Amino acid sequence: MGRASRERCSLRTAKRPRPALPDESGKERTNETVAPMNLANPVKLIVLSVKQKVAGCRLRGNAHTVTLRAGGLRDVVPGEIAVVRPRKQRSYALNPYLSGPIESTRLDVQALGLAPLKLEERGMWDPSEHYWGEEAEPIEDWAKQIMAWGSRPEFEMEQVLPGADAEDPFSPLS
């Protein structure tokens, strides 16, 4: 490999610091690790993703993320708040890890601070004009009950794909 090609190839070594990355608020996140937690007190984590043995979580009240290793993760779903009694905290490659049993989980939409999806009115819906199957087939009793109520307002809920960039239709999902 010649000198010119060596200069163009910039490999990141363990000694070279990672560049600062933006956090959820758009501010640059430095390479600082999450401050050590008090292992004597339970920790509230917002579950972001769940895999077989680990869950990606966010510390409640800030943008720091932590990888949780705990038993009982098959009963946890993203969006829940998990109360964990930490047993061990470590950091690997600047990523914080936490392990310990999950004491409880709950769904608290207000605590998550989510923006509600928009609901748009689409006019009136007439069930008698709706497709209920092939013309030769009789309409089922449950569909007849819907048709008996007559026309009613029709609404459409905002569609959001997690991880998709609304500005770039070709962006990959996370």
# chains A, B, ... in the order shown; residues from 1 in each chain; ligands from 1

call {"tool": "residues_around", "arguments": {"residues": "Phe155 in chain A", "least_positions_apart": "3", "cutoff": "8 Å", "atoms": "only C-alpha atoms", "output": "list of chain:residue names"}}
result
A:Leu119, A:Glu120, A:Glu121, A:Arg122, A:Gly123

call {"tool": "residues_around", "arguments": {"residues": "Arg58 in chain A", "least_positions_apart": "2", "cutoff": "6 Å", "atoms": "only C-alpha atoms", "output": "list in words"}}
result
Leu45, Ile46, His64 and Thr65 of chain A

call {"tool": "write_last_selection", "arguments": {"atoms": "N, CA, C and O atoms", "output": "PDB file, in the first residue's frame"}}
result
ATOM      1  N   LEU A  45     -36.894   2.626  33.889  1.00  0.00           N
ATOM      2  CA  LEU A  45     -36.393   2.658  32.524  1.00  0.00           C
ATOM      3  C   LEU A  45     -37.560   2.613  31.542  1.00  0.00           C
ATOM      4  O   LEU A  45     -38.516   1.871  31.746  1.00  0.00           O
ATOM      5  N   ILE A  46     -37.466   3.384  30.469  1.00  0.00           N
ATOM      6  CA  ILE A  46     -38.447   3.313  29.398  1.00  0.00           C
ATOM      7  C   ILE A  46     -37.915   2.310  28.381  1.00  0.00           C
ATOM      8  O   ILE A  46     -36.822   2.487  27.845  1.00  0.00           O
ATOM      9  N   HIS A  64     -30.199   9.541  27.856  1.00  0.00           N
ATOM     10  CA  HIS A  64     -29.214   8.468  27.927  1.00  0.00           C
ATOM     11  C   HIS A  64     -29.881   7.116  27.752  1.00  0.00           C
ATOM     12  O   HIS A  64     -30.937   6.856  28.318  1.00  0.00           O
ATOM     13  N   THR A  65     -29.247   6.259  26.954  1.00  0.00           N
ATOM     14  CA  THR A  65     -29.761   4.914  26.764  1.00  0.00           C
ATOM     15  C   THR A  65     -28.865   3.916  27.484  1.00  0.00           C
ATOM     16  O   THR A  65     -27.682   4.179  27.721  1.00  0.00           O
TER      17      THR A  65
END

call {"tool": "select_by_dssp", "arguments": {"residues": "range 58-166 of chain A", "states": "strand (DSSP E or B)", "output": "ChimeraX atom specification"}}
result
/A:58-59,65-69,81-84,88-92,95-99,102-106,119-125,152-157

call {"tool": "atom_distance", "arguments": {"atom1": "CA of Gln52 in chain A", "atom2": "CA of Arg106 in chain A"}}
result
19.8 Å

call {"tool": "atom_distance", "arguments": {"atom1": "CA of Tyr97 in chain A", "atom2": "CA of Val66 in chain A"}}
result
5.6 Å

call {"tool": "closest_residue", "arguments": {"among": "A:Ala93, A:Leu68, A:Ala82, A:Val76", "to": "Pro42 in chain A", "atoms": "only C-alpha atoms"}}
result
A:Ala82

call {"tool": "select_by_dssp", "arguments": {"residues": "range 17-147 of chain A", "states": "helix (DSSP H, G or I)", "output": "PDB file with N, CA and C atoms, in the first residue's frame"}}
result
ATOM      1  N   LEU A  73     -37.793 -10.888  30.197  1.00  0.00           N
ATOM      2  CA  LEU A  73     -37.956  -9.900  29.131  1.00  0.00           C
ATOM      3  C   LEU A  73     -39.027 -10.286  28.117  1.00  0.00           C
ATOM      4  N   ARG A  74     -39.383 -11.564  28.060  1.00  0.00           N
ATOM      5  CA  ARG A  74     -40.415 -11.963  27.084  1.00  0.00           C
ATOM      6  C   ARG A  74     -41.775 -11.391  27.452  1.00  0.00           C
ATOM      7  N   ASP A  75     -41.947 -10.927  28.685  1.00  0.00           N
ATOM      8  CA  ASP A  75     -43.201 -10.335  29.120  1.00  0.00           C
ATOM      9  C   ASP A  75     -43.197  -8.808  29.020  1.00  0.00           C
ATOM     10  N   VAL A 109     -48.717   6.335  29.430  1.00  0.00           N
ATOM     11  CA  VAL A 109     -48.570   7.136  28.224  1.00  0.00           C
ATOM     12  C   VAL A 109     -48.163   8.570  28.562  1.00  0.00           C
ATOM     13  N   GLN A 110     -48.722   9.150  29.616  1.00  0.00           N
ATOM     14  CA  GLN A 110     -48.373  10.519  30.004  1.00  0.00           C
ATOM     15  C   GLN A 110     -46.886  10.641  30.334  1.00  0.00           C
ATOM     16  N   ALA A 111     -46.341   9.650  31.034  1.00  0.00           N
ATOM     17  CA  ALA A 111     -44.931   9.694  31.428  1.00  0.00           C
ATOM     18  C   ALA A 111     -44.007   9.571  30.228  1.00  0.00           C
ATOM     19  N   LEU A 112     -44.472   8.945  29.150  1.00  0.00           N
ATOM     20  CA  LEU A 112     -43.634   8.800  27.956  1.00  0.00           C
ATOM     21  C   LEU A 112     -43.527  10.101  27.170  1.00  0.00           C
ATOM     22  N   PRO A 127     -71.934   2.114   4.696  1.00  0.00           N
ATOM     23  CA  PRO A 127     -71.607   0.690   4.670  1.00  0.00           C
ATOM     24  C   PRO A 127     -72.320  -0.080   3.560  1.00  0.00           C
ATOM     25  N   SER A 128     -73.447   0.440   3.050  1.00  0.00           N
ATOM     26  CA  SER A 128     -74.143  -0.271   1.965  1.00  0.00           C
ATOM     27  C   SER A 128     -73.333  -0.210   0.669  1.00  0.00           C
ATOM     28  N   GLU A 129     -72.387   0.733   0.552  1.00  0.00           N
ATOM     29  CA  GLU A 129     -71.532   0.847  -0.629  1.00  0.00           C
ATOM     30  C   GLU A 129     -70.190   0.142  -0.426  1.00  0.00           C
ATOM     31  N   ASP A 141     -74.407 -12.127   8.693  1.00  0.00           N
ATOM     32  CA  ASP A 141     -75.258 -11.432   9.671  1.00  0.00           C
ATOM     33  C   ASP A 141     -74.533 -10.268  10.339  1.00  0.00           C
ATOM     34  N   TRP A 142     -73.250 -10.449  10.699  1.00  0.00           N
ATOM     35  CA  TRP A 142     -72.512  -9.369  11.370  1.00  0.00           C
ATOM     36  C   TRP A 142     -72.375  -8.151  10.459  1.00  0.00           C
ATOM     37  N   ALA A 143     -72.236  -8.374   9.136  1.00  0.00           N
ATOM     38  CA  ALA A 143     -72.123  -7.259   8.191  1.00  0.00           C
ATOM     39  C   ALA A 143     -73.478  -6.569   8.011  1.00  0.00           C
ATOM     40  N   LYS A 144     -74.556  -7.345   8.066  1.00  0.00           N
ATOM     41  CA  LYS A 144     -75.895  -6.763   7.948  1.00  0.00           C
ATOM     42  C   LYS A 144     -76.178  -5.800   9.107  1.00  0.00           C
ATOM     43  N   GLN A 145     -75.688  -6.156  10.316  1.00  0.00           N
ATOM     44  CA  GLN A 145     -75.883  -5.282  11.475  1.00  0.00           C
ATOM     45  C   GLN A 145     -75.149  -3.956  11.286  1.00  0.00           C
ATOM     46  N   ILE A 146     -73.975  -4.001  10.695  1.00  0.00           N
ATOM     47  CA  ILE A 146     -73.211  -2.772  10.438  1.00  0.00           C
ATOM     48  C   ILE A 146     -73.942  -1.922   9.413  1.00  0.00           C
ATOM     49  N   MET A 147     -74.464  -2.561   8.374  1.00  0.00           N
ATOM     50  CA  MET A 147     -75.182  -1.834   7.323  1.00  0.00           C
ATOM     51  C   MET A 147     -76.471  -1.211   7.860  1.00  0.00           C
TER      52      MET A 147
END

call {"tool": "residues_around", "arguments": {"residues": "range 85-91 of chain A", "least_positions_apart": "2", "cutoff": "6 Å", "atoms": "only C-alpha atoms", "output": "number ranges by chain"}}
result
A: 39, 42, 94-101

call {"tool": "write_last_selection", "arguments": {"atoms": "N, CA, C and O atoms", "output": "PDB file, in the first residue's frame"}}
result
ATOM      1  N   LEU A  39     -26.933   1.413  43.151  1.00  0.00           N
ATOM      2  CA  LEU A  39     -27.418   0.046  42.981  1.00  0.00           C
ATOM      3  C   LEU A  39     -28.350  -0.394  44.104  1.00  0.00           C
ATOM      4  O   LEU A  39     -28.919  -1.478  44.047  1.00  0.00           O
ATOM      5  N   PRO A  42     -34.227   1.064  43.192  1.00  0.00           N
ATOM      6  CA  PRO A  42     -34.763   0.676  41.887  1.00  0.00           C
ATOM      7  C   PRO A  42     -34.616   1.815  40.878  1.00  0.00           C
ATOM      8  O   PRO A  42     -34.614   2.989  41.230  1.00  0.00           O
ATOM      9  N   LEU A  94     -17.979   2.277  25.428  1.00  0.00           N
ATOM     10  CA  LEU A  94     -18.723   3.504  25.733  1.00  0.00           C
ATOM     11  C   LEU A  94     -20.239   3.302  25.809  1.00  0.00           C
ATOM     12  O   LEU A  94     -20.996   4.260  25.820  1.00  0.00           O
ATOM     13  N   ASN A  95     -20.697   2.058  25.826  1.00  0.00           N
ATOM     14  CA  ASN A  95     -22.121   1.774  25.938  1.00  0.00           C
ATOM     15  C   ASN A  95     -22.414   1.228  27.331  1.00  0.00           C
ATOM     16  O   ASN A  95     -21.805   0.253  27.755  1.00  0.00           O
ATOM     17  N   PRO A  96     -23.367   1.850  28.061  1.00  0.00           N
ATOM     18  CA  PRO A  96     -23.690   1.377  29.407  1.00  0.00           C
ATOM     19  C   PRO A  96     -24.593   0.142  29.392  1.00  0.00           C
ATOM     20  O   PRO A  96     -25.494   0.032  28.570  1.00  0.00           O
ATOM     21  N   TYR A  97     -24.310  -0.778  30.299  1.00  0.00           N
ATOM     22  CA  TYR A  97     -25.089  -1.998  30.470  1.00  0.00           C
ATOM     23  C   TYR A  97     -25.535  -2.084  31.921  1.00  0.00           C
ATOM     24  O   TYR A  97     -24.820  -1.660  32.827  1.00  0.00           O
ATOM     25  N   LEU A  98     -26.729  -2.636  32.119  1.00  0.00           N
ATOM     26  CA  LEU A  98     -27.282  -2.784  33.458  1.00  0.00           C
ATOM     27  C   LEU A  98     -27.917  -4.165  33.539  1.00  0.00           C
ATOM     28  O   LEU A  98     -28.544  -4.620  32.586  1.00  0.00           O
ATOM     29  N   SER A  99     -27.722  -4.841  34.667  1.00  0.00           N
ATOM     30  CA  SER A  99     -28.391  -6.123  34.851  1.00  0.00           C
ATOM     31  C   SER A  99     -29.054  -6.144  36.215  1.00  0.00           C
ATOM     32  O   SER A  99     -28.602  -5.496  37.159  1.00  0.00           O
ATOM     33  N   GLY A 100     -30.146  -6.873  36.291  1.00  0.00           N
ATOM     34  CA  GLY A 100     -30.895  -6.999  37.530  1.00  0.00           C
ATOM     35  C   GLY A 100     -32.310  -7.425  37.237  1.00  0.00           C
ATOM     36  O   GLY A 100     -32.764  -7.377  36.089  1.00  0.00           O
ATOM     37  N   PRO A 101     -33.035  -7.844  38.256  1.00  0.00           N
ATOM     38  CA  PRO A 101     -34.409  -8.315  38.050  1.00  0.00           C
ATOM     39  C   PRO A 101     -35.387  -7.156  37.811  1.00  0.00           C
ATOM     40  O   PRO A 101     -35.227  -6.065  38.349  1.00  0.00           O
TER      41      PRO A 101
END
